[in-house]
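What follows is one structure encoded as structure tokens, with my remarks underneath.
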Amino acid sequence: MMRYRTIGNVFLLFLLTVCAVYFFYALKMPFGKPSNPGAGFLPAILGASGVILCLALLLSGFFRKDGEDQGDKKKGELHEEGGEESETAERHLFKLLAFMLAILLFVVLFELFGAVTLFPLLFCLAKLSGFRGWLSPLLFSGIAAAVLYVTFKFILAVPLPAGTVF
Amino acid sequence: MDVLQNLAQGFMSAMSLEILLACFIGVLIGTVAGILPGIGPVGAMSLLLPFSFGLDPGTGLIMLAGIYYGSMYGGSTTSILVNVPGEATSVVTAIDGYQMARKGRAGAALAVAAIGSFVAGTASVIGLMLFAPPLARAALSFGPPEYFALGLAGLILLSNLTGGSFIRSVVMVIIGMMISTVGIDLITGQLRFTFGTTVLQGGIDLLPVIMGLFGLAEILHVVFKPYQSKEMIKVKFKELYPTKTELKRSIWPMLRGTGIGFPMGMMPGPSAFLSTLVSYKVEKQISRHPEQFGKGAIEGVAGPESANNAASTGAMIPLLALGIPFAPPTALLIGGLMIHGIQPGPLFITQHADLFWLVIASMYIGNVMLLVLNLPLVGVFASITRVPAKILIPIVTVIMLIGSYSVNNSLFDLWVLLIFGIAGFVMKFAGFEPAPLVIGLVLGSIFEEGLRQGLIIVEGNFFGFFERPITAVLLAIAIAVVLWASARAVKRAAAARGRKPAA
């Protein structure tokens with residue numbers, strides 16, 4: 001498992017990149033002058049501030065000891081108690097990545113195939129959330145997809161895509 | 001007299017089946033959201049926000065507000081019965097509430113929590129209806145420099161109050177403000193950060209960002225670190241009554257909690273959570289039996305539960321009077337208002353007085369509903385925690401995806417949801433809080449408009465801001481907080497160096 005500090009540094013690098021790119025594009029906009037600030041006035045300030053602060057955090061992180069990592073961990077992880085399952089951390093990570101992939105595929109296919117994509121999505125999520133075998137997740141996802149479709153489409157009148165492929 | 005007349009009018013308007021039903025649904029869903037770990041009030045409100053499109057503004061706002069203060073009631077149930085706080089605001093309640101339950105006084109703890117929440121909620125609504133209108137009238141004299149200073153002070157206070165690193169919170173606020181600049185510049189009409197695409201011209205919507213950061217991120221966290229349902233302490237209806245001694249010991253903590261929570265609710269940041277910490281500390285310090293705290297002191301339940309409810313209502317004051325949200329739940333309420341074409345701000349109370357007083361009246365009604373729901377049905381609500389995660393997770397995820405899509409019928413919003421969901425999940429391990437990002441996103445446009453128009457007014461001389469009294473006070477507060485936070489950071493670093501063993 002990656003340590004919190006490593007994750008923090010990687011995330012900070014990501015933020016630094018975002019801020020640097022943002023600052024680069026902000027400089028291309030008219031800055032204006034203090035008495036008449038342009039569209040790029042605040043973006044330039046934000047970009048510069050973001051880059052400086054992210055760099056400061058990264059540097060302070062590199063020089064900080066391991067024992068001081070505790071202050072950086074998210075507080076109040078309310079849901080850890082209750083016992084760990086017997087699965088290894090790697091298996092949890094695999095489940096998580098598969099979960100994200102299922103949602104990603106849904107996002108890609110939703111407008112192409114319409115609301116029918118709810119069924120395979122629910123099936124995948126059900127299997128990843130702990131449904132065993134094939135019958136119960138099939139039943140669950142079939143019923144849930146139908147109920148949710150009727151609820152959204154007819155009761156709440158939420159427009160759902162019909163799908164462009166069919 | 002005007003206040004009473006307006007309130008009476010509000011009650012008359014609230015006594016319609018549609019309004020009462022919306023209030024009931026809101027507080028019921030809020031209670032359930034408070035009970036279930038993983039679904040907080042922000043997640044529940046963001047799920048329901050798109051579905052409030054079909055309702056009229058008042059009904060939608062009442063339902064969403066009901067979820068917000070309803071969740072404060074629900075969180076205490078699992079804190080006391082299962083020692084698993086459903087909400088961050090119920091973490092402190094679990095300390096003594098669960099210990100009371102283990103001693104067979106679960107019913108008393110639940111009853112005191114519900115009564116305290118009712119007392120605080122009702123008293124705070126009185127405060128809301130008394131303070132919000134005059135504050136709104138005062139805010140009518142606010143110009144761009146005042147809004148800039150208010151936005152800046154709010155953002156800096158928020159960054160300092162989240163409990164994490166000040167600089168990390170500032171970085172999150174900056175990221176949120178960066179996101180708010182995407183789209184069309186409202187002053188010059190120039191396109192910013194659209195990269196030639198049309199989909200970004202409208203900017204990045206608040207709702208998918210919030211759903212991602214608070215909803216999907218939490219779902220991913222539960223998938224990654226599943227929680228097990230714990231054995232729940234059972235409570236019979238007849239055991240719900242506290243003894244006379246317990247009630248007597250609870251009255252002053254309830255009132256103190258209300259007095260602590262209400263003003264804290266008006267401050268930016270996780271005020272409801274912080275108010276519970278302050279209230280617990282106060283009660284422990286002034287108690288005649290401080291040794292009982294942590295072992296089942298009823299004051300440790302009464303005070304914090306009252307404080308968090310009072311804070312949630314207090315947070316409505318800057319929202320309704322100034323149009324400025326200082327916490328993610330109120331940011332969502334602003335989103336709800338704007339969806340219905342209502343511009344929040346100081347003119348809201350005067351231009352939509354009927355709506356304001358309708359909301360106030362419904363909050364009184366909602367608090368009564370919550371008291372009635374939470375006491376006799378506590379066993380039913382607590383058993384909701386037994387619904388397996390494998391059923392809840394897929395359904396909530398799909399509702400979140402559909403809800404996000406339905407905001408603008410745009411696939412782009414789904415991508416935003418997914419990206420911020422993953423970002424929010426990573427942030428949990430990287431030590432960053434999502435709340436400052438959301439507040440930066442919401443306040444960013446107010447802040448920028450105030451800054452740029454304010455600079456035009458003072459002709460580019462920043463010191464000109466200090467010539468306006470309200471702006472000067474707010475800017476002084478912001479500067480003082482930055483200096484104090486910096487001094488604290490330097491002191492901590494020096495203390496850490498002092499603890500280093502000699503080489």
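Here, A, B, ... name the chains of the structure tokens in the order displayed, residue numbers run from 1 inside each chain, and ligands are numbered from 1 in the same displayed order.
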
**Message:** Should the cut-off be 6 Å, what would the residue list for chain B against chain A look like, counting only C-alpha atoms, as a PyMOL selection string?
**Reply:** chain B and resi 224+227-228+390+394+428-431+452+455-456+459-460

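Closest approach to Arg249 (chain B) among B:Ile339, B:Gly116, B:Ala139, B:Val380 is made by B:Gly116 (distances from only C-alpha atoms).
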
**Message:** I need the residue nearest Ala472 (chain B) from this list: B:Gly440, B:Pro145, B:Pro304, B:Gly335. Use only C-alpha atoms for the distance.
**Reply:**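 Ranking B:Gly440, B:Pro145, B:Pro304, B:Gly335 by distance to Ala472 (chain B), first place goes to B:Pro145.
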
**DSSP-assigned strand (DSSP E or B) among chain A, expressed as number ranges by chain** = A: 32-33, 36-37

For the residues in the current selection, export N, CA and C atoms as a PDB file, in the first residue's frame.
ATOM      1  N   GLY A  32      -4.893  43.788 -17.882  1.00  0.00           N
ATOM      2  CA  GLY A  32      -5.468  45.094 -17.573  1.00  0.00           C
ATOM      3  C   GLY A  32      -4.546  45.841 -16.628  1.00  0.00           C
ATOM      4  N   LYS A  33      -5.110  46.793 -15.919  1.00  0.00           N
ATOM      5  CA  LYS A  33      -4.330  47.542 -14.927  1.00  0.00           C
ATOM      6  C   LYS A  33      -5.169  47.630 -13.652  1.00  0.00           C
ATOM      7  N   ASN A  36      -8.436  49.186 -13.863  1.00  0.00           N
ATOM      8  CA  ASN A  36      -9.373  48.558 -14.800  1.00  0.00           C
ATOM      9  C   ASN A  36      -8.923  47.124 -15.066  1.00  0.00           C
ATOM     10  N   PRO A  37      -9.105  46.235 -14.099  1.00  0.00           N
ATOM     11  CA  PRO A  37      -8.586  44.864 -14.245  1.00  0.00           C
ATOM     12  C   PRO A  37      -9.236  44.147 -15.411  1.00  0.00           C
TER      13      PRO A  37
END

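Minimum distance to Gly454 (chain B) across B:Gln5, B:Ser90, B:Thr471, B:Thr350 (counting only C-alpha atoms) occurs at B:Thr471.
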
**Prompt:** Where in region 1-157 of chain A does DSSP assign helix (DSSP H, G or I), given as a PyMOL selection string?
**Reply:** chain A and resi 4-26+41-63+66-72+89-129+135-155

**Request:** Find the residues near Gly424 (chain B): any atom within 6 Å, counting only C-alpha atoms, skip ones fewer than 3 places away on the same chain, and give them as a VMD selection string.
**Result:** chain B and resid 213 217 420 to 421 427

Could the residues in this selection be saved with C-alpha atoms as a PDB file, in the first residue's frame?
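Saved the output as selection02.pdb:
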ATOM      1  CA  LEU B 213     -16.446  15.335  -4.134  1.00  0.00           C
ATOM      2  CA  ALA B 217     -15.863   9.965  -3.440  1.00  0.00           C
ATOM      3  CA  PHE B 420     -14.169  15.003  -9.079  1.00  0.00           C
ATOM      4  CA  GLY B 421     -15.296  11.745  -7.534  1.00  0.00           C
ATOM      5  CA  MET B 427      -7.947  13.750  -1.423  1.00  0.00           C
TER       6      MET B 427
END

Wanna dump the region 303-377 of chain B-region 266-290 of chain B contacts at 10 Å for me, each residue with its shortest atom pair and the distance in Å to one decimal, counting only C-alpha atoms, ordered by chain and number, as CSV?
residue,atom,partner,partner_atom,distance
B:Gly303,CA,B:Ser279,CA,5.7
B:Pro304,CA,B:Thr276,CA,4.3
B:Glu305,CA,B:Thr276,CA,7.0
B:Ser306,CA,B:Thr276,CA,8.3
B:Ala307,CA,B:Ser275,CA,5.7
B:Asn308,CA,B:Ala272,CA,4.6
B:Asn309,CA,B:Ala272,CA,7.4
B:Ala310,CA,B:Ala272,CA,8.0
B:Ala311,CA,B:Ala272,CA,5.0
B:Ser312,CA,B:Ala272,CA,6.0
B:Thr313,CA,B:Met266,CA,8.7
B:Gly314,CA,B:Met266,CA,5.3
B:Ala315,CA,B:Met266,CA,4.8
B:Met316,CA,B:Met266,CA,7.5
B:Ile317,CA,B:Met266,CA,6.5
B:Pro318,CA,B:Met266,CA,6.3
B:Leu319,CA,B:Met266,CA,9.0
B:Ile324,CA,B:Pro268,CA,9.7
B:Pro325,CA,B:Pro268,CA,7.9
B:Phe326,CA,B:Pro268,CA,4.2
B:Ala327,CA,B:Gly269,CA,5.5
B:Pro328,CA,B:Gly269,CA,8.5
B:Pro329,CA,B:Pro270,CA,10.0

How would the residues just chosen look if you wrote them out with C-alpha atoms as a CSV table (one decimal), in the first residue's frame?
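The new file selection.csv reads:
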chain,number,residue,atom,x,y,z
B,303,GLY,CA,-25.0,20.1,24.5
B,304,PRO,CA,-23.4,19.0,21.3
B,305,GLU,CA,-26.7,17.8,19.7
B,306,SER,CA,-28.2,21.2,20.5
B,307,ALA,CA,-25.2,23.0,19.1
B,308,ASN,CA,-25.1,21.2,15.8
B,309,ASN,CA,-28.8,21.9,15.1
B,310,ALA,CA,-28.5,25.5,16.1
B,311,ALA,CA,-25.5,25.9,13.8
B,312,SER,CA,-27.3,24.4,10.8
B,313,THR,CA,-30.0,27.0,11.2
B,314,GLY,CA,-27.6,29.8,11.9
B,315,ALA,CA,-25.9,29.0,8.6
B,316,MET,CA,-29.1,30.0,6.9
B,317,ILE,CA,-28.6,33.6,7.9
B,318,PRO,CA,-25.7,34.5,5.6
B,319,LEU,CA,-27.4,32.4,2.9
B,324,ILE,CA,-23.4,33.9,0.5
B,325,PRO,CA,-23.0,30.3,1.5
B,326,PHE,CA,-20.4,29.5,4.0
B,327,ALA,CA,-20.8,25.7,3.9
B,328,PRO,CA,-21.4,23.1,1.2
B,329,PRO,CA,-25.0,22.4,2.3

**Message:** Can you measure CA of Gly294 (chain B) to CA of Ala111 (chain B) for me? One decimal in Å is fine.
**Reply:**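 Here the two named atoms are 18.8 Å from each other.
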